Every structure is written in C-alpha cells, then in structure tokens.
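A.B. asks: I'd like to ask some things about the structure below.
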Amino acid sequence: MFHHQGDYMADEYKMEDVDDMDEEFHDREMGGPESEVDVYDYLNSKVADTSSAQARRGKDIQGIPWERLTITREKYRQTRVGQYKNYENIPQSGDGSVKECKVTKKGGLFYEFKHNARSVKSTILHFQLRNLVWATSKHDVYLMSHFSVIHWSSLTCNMSEVLNVSGHVAPCEKHPGSLLEGFTQTQVSTLAVKDKLLVAGGFQGELICKYLDRPGVSFCSRITYDDNAITNAIEIYASSSGAVHFIASNNDCGVRDFDMENFQLSKHFRFPWPVNHTSLSPDGKLLLIVGDNPNGILVDSKTGKTVMQLCGHLDYSFASAWNPDGVTFATGNQDKTCRIWDARYLSKSVAVLKGSLGAIRSLRYTSDGRFMAMAEPADFVHVYDVKNGYEKEQEIDFFGEVSGMSFSPDTESLFIGVWDRTYGSLMEYNRCRNYAYLDSLI
C-alpha cells in the first residue's frame with residue numbers, strides 16, 4: 001500500500017469542479033450572515049439524526065436539505081460519479097477490468113434503512129484502509145473517531161469512549177514480549193473487534209490489545225521497526241482448540257499470528273510484497289493473502305507455503321473475505337472489481353463484480369453466507385444475494401467516504417461508517433424479513 005511520511009489521507013477523492021461536501025453544503029445552504037440556517041447549530045455540532053419513519057416521509061437519510069440547495073441530489077450524484085478519479089497504483093487498471101464484469105440486476109432490498117446517527121463521527125486516517133467499523137451484536141458497534149475507539153449502542157443511542165490513544169497508552173498487565181512503556185499518540189490505521197477482544201493497529205507497527213470486559217489495556221507490541229511498518233489489517237479468530245488468535249497484515253511484507261491466550265507471537269510468514277489484507281478460511285487451513293501485487297495467493301496456514309496463485313486482478317488488492325461455506329471467497333481490488341473464487345477451481349475467478357465509483361476497499365459476508373457487502377472508497381456499498389449467484393444487488397447510495405462496514409453476527413444489522421466533515425455519521429440498516437403471514441392477524 002501507499003506509504004508516505006505525512007498526509008495519509010491523500011487524494012483518493014479528487015473532485016475537480018465540485019467542492020468538498022463541507023463547502024458545498026455550508027456555502028449553498030448558509031449563504032452568508034443573513035441565512036435562515038442557524039450557524040450556531042453547525043458550529044456546535046447540534047445535528048439531527050434521521051429515523052426510518054422520517055426517511056419514509058421523504059427526509060434525506062443523511063439530513064442533507066436538498067430542497068434548499070441550487071442543485072438536485074440526482075445532478076450532484078451524476079457530477080460526482082463523472083468527475084471522481086479512482087486511485088490506481090497501476091495506470092488504467094480500472095478500464096481494463098470492465099469487459100469481464102458480471103451484469104447484475106439492481107433494485108434488491110435486503111437491508112432497509114433504520115437510523116443515521118450524525119452524533120457519531122466515524123473517521124479514517126489512511127485513504128486505502130477502510131476497516132474501522134465493527135459490530136459485536138445488532139446493538140453494539142465499535143469504531144474509530146479521531147483518536148478514540150468509540151462504542152455506540154443503537155438500542156439506547158448512547159456513545160462511550162472505550163480507548164483513547166491521543167496521549168500515553170501502556171499495558172496494565174505483564175506478559176512476555178509486551179512493551180510495558182507503551183505508546184504515545186498512536187495513529188490507528190486499522191481495527192478489529194470480536195466478542196470481547198479489541199485490537200488496534202498503528203502506522204508504526206503498533207498493536208494495542210484490550211479486552212472489553214477488563215479495565216485498561218492488556219498487551220502492547222511493536223511488531224516491526226521497519227521504515228514501512230503500517231499495520232494494514234487485523235483479523236480475530238478462534239483456533240480449533242478454542243484459543244483466541246489474531247492475524248496482523250503489515251506493510252513490511254509480513255503476516256503475524258498472535259495467540260492471545262499466552263499473548264505470544266505464534267507464527268510469522270514473509271511474502272515478496274506488502275500485505276494489505278489476510279483472511280483465514282472457516283476450517284482454519286488456508287490463508288488468503290492480498291497486497292501490493294495484482295495476484296493474490298492462498299497459503300497453508302500452518303507452514304505459510306503457497307498453495308495457489310490467484311490471477312485476474314489488474315492492480316493492488318486491499319480487501320478479502322471467506323464465505324462461511326468454506327468453499328468460495330472474495331477479493332477486492334483497486335481495478336474497481338471484486339472477484340469471487342471457488343477453492344475447488346482456482347484457475348480463474350467464477351465471477352467479477354464491478355462497483356460504481358472506485359476501488360473495492362472492504363468486503364464482508366453475513367455469518368449465514370446469504371449476503372456479501374462490498375464497499376467502495378466513497379458513496380456506495382453494494383449488498384449481493386450470494387445464495388442466488390450474485391445475480392441481484394442492493395446499492396446503498398450516500399455521500400461521503402466509507403470508514404468501514406460491518407454486519408452484526410446474527411446478520412440482522414448492517415452498519416456503515418461515513419466520514420465527512422459536515423455529514424459524517426454511522427448508518428444502520430436492518431435485514432428485511434418476510435412477515436407477511438402476520439398481516440392477517442392485524
């Protein structure tokens with residue numbers, strides 16, 4: 001992935017003739033000192049959430065007052081799509097992938113809008129890393145908000161700080177290999193939360209581990225002192241013995257497996273290029289590795305030896321995910337596509353899915369394998385009907401950078417983090433269920 005000592009939120013979002021969302025809506029709506037819009041509310045972040053009932057009555061889900069603007073939503077969407085410039089490491093990779101893409105039927109409704117929480121400011125630090133939102137239940141979400149890891153309860157609409165990394169963070173437990181002096185002002189590049197474990201990865205190879213049911217931080221480690229040390233992704237899993245582990249993918253070309261029962265590094269595999277994302281197969285036997293190379297690889301999870309190269313993408317990949325069926329898996333690439341693979345027939349991908357705007361930055365399957373969500377860098381999250389061969393999709397359309405997305409473990413909720421200076425928020429969607437049989441009782 002792109003490495004630069006400085007501004008990591010470099011231009012993926014290049015809109016030449018359309019102002020940034022903050023300027024677009026502030027300038028048009030407020031219009032000067034005589035505006036009817038209360039400037040005080042904007043300056044003090046007094047912003048209103050949007051409920052499903054309000055959305056059904058016609059309110060914009062993000063609270064954007066289109067009726068007061070001189071541009072319609074449709075025209076603004078058309079302009080953004082037309083002028084967006086996708087970030088590529090290999091020039092014209094997005095153009096070269098078009099001919100292989102599957103034609104899908106849009107208009108699916110698998111998850112319906114429930115709530116947009118504008119008081120929750122979901123943020124990102126690196127434009128290529130978008131895994132900063134995690135749901136541990138249909139009511140509990142964890143996300144990055146500037147230098148804090150925040151817990152949001154969609155049940156009570158309350159927000160609380162779980163971890164603050166703006167100052168000094170040090171472990172309160174002693175474990176071999178733990179960096180007892182801790183870290184100061186950690187820039188969190190990636191995050192993972194599962195069950196009771198939270199792991200944050202930093203720009204300088206930092207790892208911070210915290211159990212949600214324990215006070216303080218349990219473990220700190222700097223896994224590499226390489227100049228190119230960004231922790232790109234973390235995946236938490238339970239081993240066959242039930243022990244909790246996590247896998248860290250790093251820009252130093254390494255993939256490391258940590259055993260959290262003993263707080264020890266258990267495996268360290270090295271690859272020829274920076275690793276941007278790693279996913280473990282449901283049976284624990286295979287690791288899916290993608291990074292700064294058009295080809296991904298499947299490797300043996302015990303030995304790190306290559307099982308098969310995955311050829312087809314035209315640029316660098318930043319997302320991967322296994323279907324819970326253990327047979328198929330997905331990879332997301334800067335060539336604007338997601339490829340679906342079958343582990344039994346690896347000579348070529350079985351489907352190629354295309355986004356609307358740019359690179360595929362994040363991928364998630366529901367725990368029952370029924371749906372897959374695919375996030376672009378901004379404005380679009382696509383939900384596919386996996387059980388019916390990815391033939392139909394729901395396109396969730398909004399304005400702003402995607403900081404992350406997560407299905408709840410029970411598949412009932414989908415949360416999407418939106419990063420924007422004015423309209424940043426956390427959006428919640430609920431799974432559509434067919435309860436028509438109940439209508440006869442009403």
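All residue names refer to the structure tokens as shown: chains lettered A, B, ... in order, residues numbered from 1 in each chain, ligands numbered from 1 in order.
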Which residues, written as an MDAnalysis selection string, have at least one atom at most 9 Å from segment 306-308 of chain A, with only C-alpha atoms counted and residues fewer than 2 positions away on the same chain left out?

C.D. replies: chainID A and resid 286 296:300 303:304 310 346:347

A.B. asks: Hey, can you spit out that residue selection with all heavy atoms as a PDB file, in the first residue's frame?

C.D. replies:
```
ATOM      1  N   LEU A 286      -6.441 -22.571   5.371  1.00  0.00           N
ATOM      2  CA  LEU A 286      -5.883 -21.739   4.309  1.00  0.00           C
ATOM      3  C   LEU A 286      -5.922 -20.263   4.682  1.00  0.00           C
ATOM      4  O   LEU A 286      -6.884 -19.792   5.292  1.00  0.00           O
ATOM      5  CB  LEU A 286      -6.668 -21.940   3.001  1.00  0.00           C
ATOM      6  CG  LEU A 286      -6.579 -23.307   2.329  1.00  0.00           C
ATOM      7  CD1 LEU A 286      -7.566 -23.391   1.178  1.00  0.00           C
ATOM      8  CD2 LEU A 286      -5.159 -23.579   1.839  1.00  0.00           C
ATOM      9  N   GLY A 296      -3.225 -12.413  -5.934  1.00  0.00           N
ATOM     10  CA  GLY A 296      -3.317 -12.854  -4.546  1.00  0.00           C
ATOM     11  C   GLY A 296      -2.762 -14.257  -4.439  1.00  0.00           C
ATOM     12  O   GLY A 296      -2.425 -14.889  -5.441  1.00  0.00           O
ATOM     13  N   ILE A 297      -2.654 -14.754  -3.211  1.00  0.00           N
ATOM     14  CA  ILE A 297      -2.180 -16.124  -3.033  1.00  0.00           C
ATOM     15  C   ILE A 297      -2.950 -16.810  -1.908  1.00  0.00           C
ATOM     16  O   ILE A 297      -3.370 -16.180  -0.944  1.00  0.00           O
ATOM     17  CB  ILE A 297      -0.663 -16.193  -2.729  1.00  0.00           C
ATOM     18  CG1 ILE A 297      -0.269 -15.211  -1.626  1.00  0.00           C
ATOM     19  CG2 ILE A 297       0.165 -15.980  -3.972  1.00  0.00           C
ATOM     20  CD1 ILE A 297       1.200 -15.295  -1.237  1.00  0.00           C
ATOM     21  N   LEU A 298      -3.143 -18.095  -2.071  1.00  0.00           N
ATOM     22  CA  LEU A 298      -3.636 -18.951  -0.995  1.00  0.00           C
ATOM     23  C   LEU A 298      -2.439 -19.685  -0.425  1.00  0.00           C
ATOM     24  O   LEU A 298      -1.634 -20.249  -1.178  1.00  0.00           O
ATOM     25  CB  LEU A 298      -4.648 -19.970  -1.523  1.00  0.00           C
ATOM     26  CG  LEU A 298      -6.097 -19.535  -1.710  1.00  0.00           C
ATOM     27  CD1 LEU A 298      -6.916 -20.729  -2.197  1.00  0.00           C
ATOM     28  CD2 LEU A 298      -6.685 -18.981  -0.432  1.00  0.00           C
ATOM     29  N   VAL A 299      -2.287 -19.670   0.898  1.00  0.00           N
ATOM     30  CA  VAL A 299      -1.158 -20.362   1.512  1.00  0.00           C
ATOM     31  C   VAL A 299      -1.654 -21.289   2.618  1.00  0.00           C
ATOM     32  O   VAL A 299      -2.743 -21.097   3.176  1.00  0.00           O
ATOM     33  CB  VAL A 299      -0.121 -19.366   2.100  1.00  0.00           C
ATOM     34  CG1 VAL A 299       0.349 -18.391   1.028  1.00  0.00           C
ATOM     35  CG2 VAL A 299      -0.680 -18.612   3.293  1.00  0.00           C
ATOM     36  N   ASP A 300      -0.855 -22.284   2.926  1.00  0.00           N
ATOM     37  CA  ASP A 300      -1.132 -23.182   4.043  1.00  0.00           C
ATOM     38  C   ASP A 300      -0.981 -22.399   5.346  1.00  0.00           C
ATOM     39  O   ASP A 300       0.053 -21.766   5.584  1.00  0.00           O
ATOM     40  CB  ASP A 300      -0.145 -24.357   3.991  1.00  0.00           C
ATOM     41  CG  ASP A 300      -0.433 -25.404   5.047  1.00  0.00           C
ATOM     42  OD1 ASP A 300      -0.257 -25.092   6.249  1.00  0.00           O
ATOM     43  OD2 ASP A 300      -0.837 -26.521   4.692  1.00  0.00           O
ATOM     44  N   THR A 303       2.142 -23.673   7.553  1.00  0.00           N
ATOM     45  CA  THR A 303       3.519 -23.568   7.061  1.00  0.00           C
ATOM     46  C   THR A 303       3.807 -22.270   6.309  1.00  0.00           C
ATOM     47  O   THR A 303       4.964 -21.884   6.153  1.00  0.00           O
ATOM     48  CB  THR A 303       3.830 -24.739   6.115  1.00  0.00           C
ATOM     49  OG1 THR A 303       2.992 -24.627   4.949  1.00  0.00           O
ATOM     50  CG2 THR A 303       3.568 -26.077   6.803  1.00  0.00           C
ATOM     51  N   GLY A 304       2.748 -21.605   5.828  1.00  0.00           N
ATOM     52  CA  GLY A 304       2.937 -20.407   5.019  1.00  0.00           C
ATOM     53  C   GLY A 304       3.319 -20.695   3.581  1.00  0.00           C
ATOM     54  O   GLY A 304       3.577 -19.773   2.800  1.00  0.00           O
ATOM     55  N   LEU A 310      -3.549 -16.555  -7.305  1.00  0.00           N
ATOM     56  CA  LEU A 310      -4.864 -16.137  -7.777  1.00  0.00           C
ATOM     57  C   LEU A 310      -4.670 -15.024  -8.793  1.00  0.00           C
ATOM     58  O   LEU A 310      -4.334 -13.895  -8.435  1.00  0.00           O
ATOM     59  CB  LEU A 310      -5.712 -15.648  -6.605  1.00  0.00           C
ATOM     60  CG  LEU A 310      -5.854 -16.628  -5.434  1.00  0.00           C
ATOM     61  CD1 LEU A 310      -6.519 -15.970  -4.251  1.00  0.00           C
ATOM     62  CD2 LEU A 310      -6.630 -17.869  -5.874  1.00  0.00           C
ATOM     63  N   LEU A 346      -9.442 -23.094  -8.964  1.00  0.00           N
ATOM     64  CA  LEU A 346      -8.731 -21.844  -8.742  1.00  0.00           C
ATOM     65  C   LEU A 346      -8.026 -21.277  -9.971  1.00  0.00           C
ATOM     66  O   LEU A 346      -7.340 -20.271  -9.873  1.00  0.00           O
ATOM     67  CB  LEU A 346      -7.706 -22.030  -7.615  1.00  0.00           C
ATOM     68  CG  LEU A 346      -8.305 -22.209  -6.214  1.00  0.00           C
ATOM     69  CD1 LEU A 346      -7.232 -22.642  -5.225  1.00  0.00           C
ATOM     70  CD2 LEU A 346      -8.977 -20.911  -5.757  1.00  0.00           C
ATOM     71  N   SER A 347      -8.207 -21.894 -11.137  1.00  0.00           N
ATOM     72  CA  SER A 347      -7.519 -21.409 -12.325  1.00  0.00           C
ATOM     73  C   SER A 347      -8.008 -20.023 -12.736  1.00  0.00           C
ATOM     74  O   SER A 347      -7.273 -19.233 -13.321  1.00  0.00           O
ATOM     75  CB  SER A 347      -7.699 -22.389 -13.489  1.00  0.00           C
ATOM     76  OG  SER A 347      -9.084 -22.571 -13.765  1.00  0.00           O
TER      77      SER A 347
END
```

A.B. asks: Write out as a PyMOL selection string which residues come within 8 Å of segment 313-324 of chain A when counting only C-alpha atoms, dropping same-chain ones fewer than 3 positions away.

C.D. replies: chain A and resi 1+88-90+93-94+96-97+128-129+276-282+288-296+327-335+337+339+360-365+367-369

A.B. asks: If you count only C-alpha atoms, which residues fall within 8 Å of segment 173-177 of chain A, apart from same-chain ones fewer than 4 positions away, as a list of chain:residue names?

C.D. replies: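 Result of the neighbour search: A:Val217, A:Ser218, A:Phe219, A:Ser221, A:Asn262, A:Phe263, A:Gln264.
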
A.B. asks: Take the residues just selected and output them with C-alpha atoms as a PDB file, in the first residue's frame.

C.D. replies:
```pdb
ATOM      1  CA  VAL A 217      -5.009  -2.343  28.078  1.00  0.00           C
ATOM      2  CA  SER A 218      -3.802  -5.949  28.262  1.00  0.00           C
ATOM      3  CA  PHE A 219      -0.972  -6.021  25.715  1.00  0.00           C
ATOM      4  CA  SER A 221       3.670  -4.599  20.986  1.00  0.00           C
ATOM      5  CA  ASN A 262      -0.490 -16.553  26.068  1.00  0.00           C
ATOM      6  CA  PHE A 263      -0.049 -13.114  24.462  1.00  0.00           C
ATOM      7  CA  GLN A 264       2.628 -14.582  22.208  1.00  0.00           C
TER       8      GLN A 264
END
```

A.B. asks: List every residue of segment 81-219 of chain A that DSSP, applied to the backbone of this structure, places in strand (DSSP E), and write the result as a PyMOL selection string.

C.D. replies: chain A and resi 105-106+111-117+133-135+140-145+148-153+158-164+168-169+183-184+188-194+197-202+206-211+219

A.B. asks: I need the chosen residues saved as a PDB file, in the first residue's frame, with C-alpha atoms.

C.D. replies:
```pdb
ATOM      1  CA  LYS A 105     -29.758  -6.743 -11.509  1.00  0.00           C
ATOM      2  CA  LYS A 106     -30.034  -3.710  -9.259  1.00  0.00           C
ATOM      3  CA  TYR A 111     -31.417  -4.418   4.220  1.00  0.00           C
ATOM      4  CA  GLU A 112     -33.645  -1.397   4.851  1.00  0.00           C
ATOM      5  CA  PHE A 113     -32.600   1.924   6.339  1.00  0.00           C
ATOM      6  CA  LYS A 114     -33.251   2.240  10.079  1.00  0.00           C
ATOM      7  CA  HIS A 115     -31.213   5.122  11.518  1.00  0.00           C
ATOM      8  CA  ASN A 116     -28.471   7.620  10.725  1.00  0.00           C
ATOM      9  CA  ALA A 117     -26.554   8.777  13.815  1.00  0.00           C
ATOM     10  CA  VAL A 133     -16.233  -0.228  11.979  1.00  0.00           C
ATOM     11  CA  TRP A 134     -17.125  -3.473  13.803  1.00  0.00           C
ATOM     12  CA  ALA A 135     -20.437  -4.758  15.184  1.00  0.00           C
ATOM     13  CA  ASP A 140     -23.246  -2.767  19.711  1.00  0.00           C
ATOM     14  CA  VAL A 141     -20.814  -1.091  17.326  1.00  0.00           C
ATOM     15  CA  TYR A 142     -17.162  -0.094  17.770  1.00  0.00           C
ATOM     16  CA  LEU A 143     -15.461   2.462  15.528  1.00  0.00           C
ATOM     17  CA  MET A 144     -12.638   4.994  15.301  1.00  0.00           C
ATOM     18  CA  SER A 145     -13.492   8.618  15.930  1.00  0.00           C
ATOM     19  CA  SER A 148     -10.731   7.388  20.226  1.00  0.00           C
ATOM     20  CA  VAL A 149     -12.294   3.980  19.851  1.00  0.00           C
ATOM     21  CA  ILE A 150     -15.991   4.583  20.457  1.00  0.00           C
ATOM     22  CA  HIS A 151     -18.776   2.205  21.458  1.00  0.00           C
ATOM     23  CA  TRP A 152     -22.202   3.074  20.087  1.00  0.00           C
ATOM     24  CA  SER A 153     -25.391   1.431  21.330  1.00  0.00           C
ATOM     25  CA  ASN A 158     -25.621   6.313  23.728  1.00  0.00           C
ATOM     26  CA  MET A 159     -21.937   6.705  22.876  1.00  0.00           C
ATOM     27  CA  SER A 160     -18.987   5.955  25.157  1.00  0.00           C
ATOM     28  CA  GLU A 161     -15.213   6.026  24.805  1.00  0.00           C
ATOM     29  CA  VAL A 162     -13.507   2.641  25.057  1.00  0.00           C
ATOM     30  CA  LEU A 163      -9.904   3.599  24.286  1.00  0.00           C
ATOM     31  CA  ASN A 164      -8.150   6.915  23.812  1.00  0.00           C
ATOM     32  CA  HIS A 168       0.085   7.748  26.534  1.00  0.00           C
ATOM     33  CA  VAL A 169      -1.218   4.160  26.356  1.00  0.00           C
ATOM     34  CA  PHE A 183       2.947   4.224  23.087  1.00  0.00           C
ATOM     35  CA  THR A 184       2.217   7.924  22.790  1.00  0.00           C
ATOM     36  CA  VAL A 188      -4.595   3.938  14.341  1.00  0.00           C
ATOM     37  CA  SER A 189      -4.605   2.592  10.795  1.00  0.00           C
ATOM     38  CA  THR A 190      -6.818  -0.448  11.321  1.00  0.00           C
ATOM     39  CA  LEU A 191      -9.086  -2.009  13.910  1.00  0.00           C
ATOM     40  CA  ALA A 192     -10.768  -5.322  14.726  1.00  0.00           C
ATOM     41  CA  VAL A 193     -13.293  -6.152  17.445  1.00  0.00           C
ATOM     42  CA  LYS A 194     -14.779  -9.584  18.028  1.00  0.00           C
ATOM     43  CA  LEU A 197     -11.337  -8.570  22.220  1.00  0.00           C
ATOM     44  CA  LEU A 198     -10.357  -5.264  20.597  1.00  0.00           C
ATOM     45  CA  VAL A 199      -7.116  -4.955  18.623  1.00  0.00           C
ATOM     46  CA  ALA A 200      -5.907  -1.655  17.136  1.00  0.00           C
ATOM     47  CA  GLY A 201      -3.020  -1.472  14.676  1.00  0.00           C
ATOM     48  CA  GLY A 202      -0.871   1.614  14.108  1.00  0.00           C
ATOM     49  CA  GLU A 206       1.977  -0.731  16.939  1.00  0.00           C
ATOM     50  CA  LEU A 207      -0.507  -3.277  18.272  1.00  0.00           C
ATOM     51  CA  ILE A 208      -2.777  -2.420  21.197  1.00  0.00           C
ATOM     52  CA  CYS A 209      -4.923  -5.214  22.649  1.00  0.00           C
ATOM     53  CA  LYS A 210      -7.774  -4.612  25.050  1.00  0.00           C
ATOM     54  CA  TYR A 211     -10.409  -6.943  26.467  1.00  0.00           C
ATOM     55  CA  PHE A 219      -0.972  -6.021  25.715  1.00  0.00           C
TER      56      PHE A 219
END
```

A.B. asks: One decimal, Å: what's the distance from atom CA of Phe380 of chain A over to atom CA of Leu69 of chain A, could you say?

C.D. replies: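 Here the two named atoms are 22.3 Å from each other.
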
A.B. asks: Near Val244 of chain A, counting only C-alpha atoms, which residues have an atom at most 7 Å away, once you skip same-chain residues fewer than 2 positions from it, shown as JSON, numbers by chain?

C.D. replies: {"A": [237, 238, 239, 242, 259, 260, 261]}
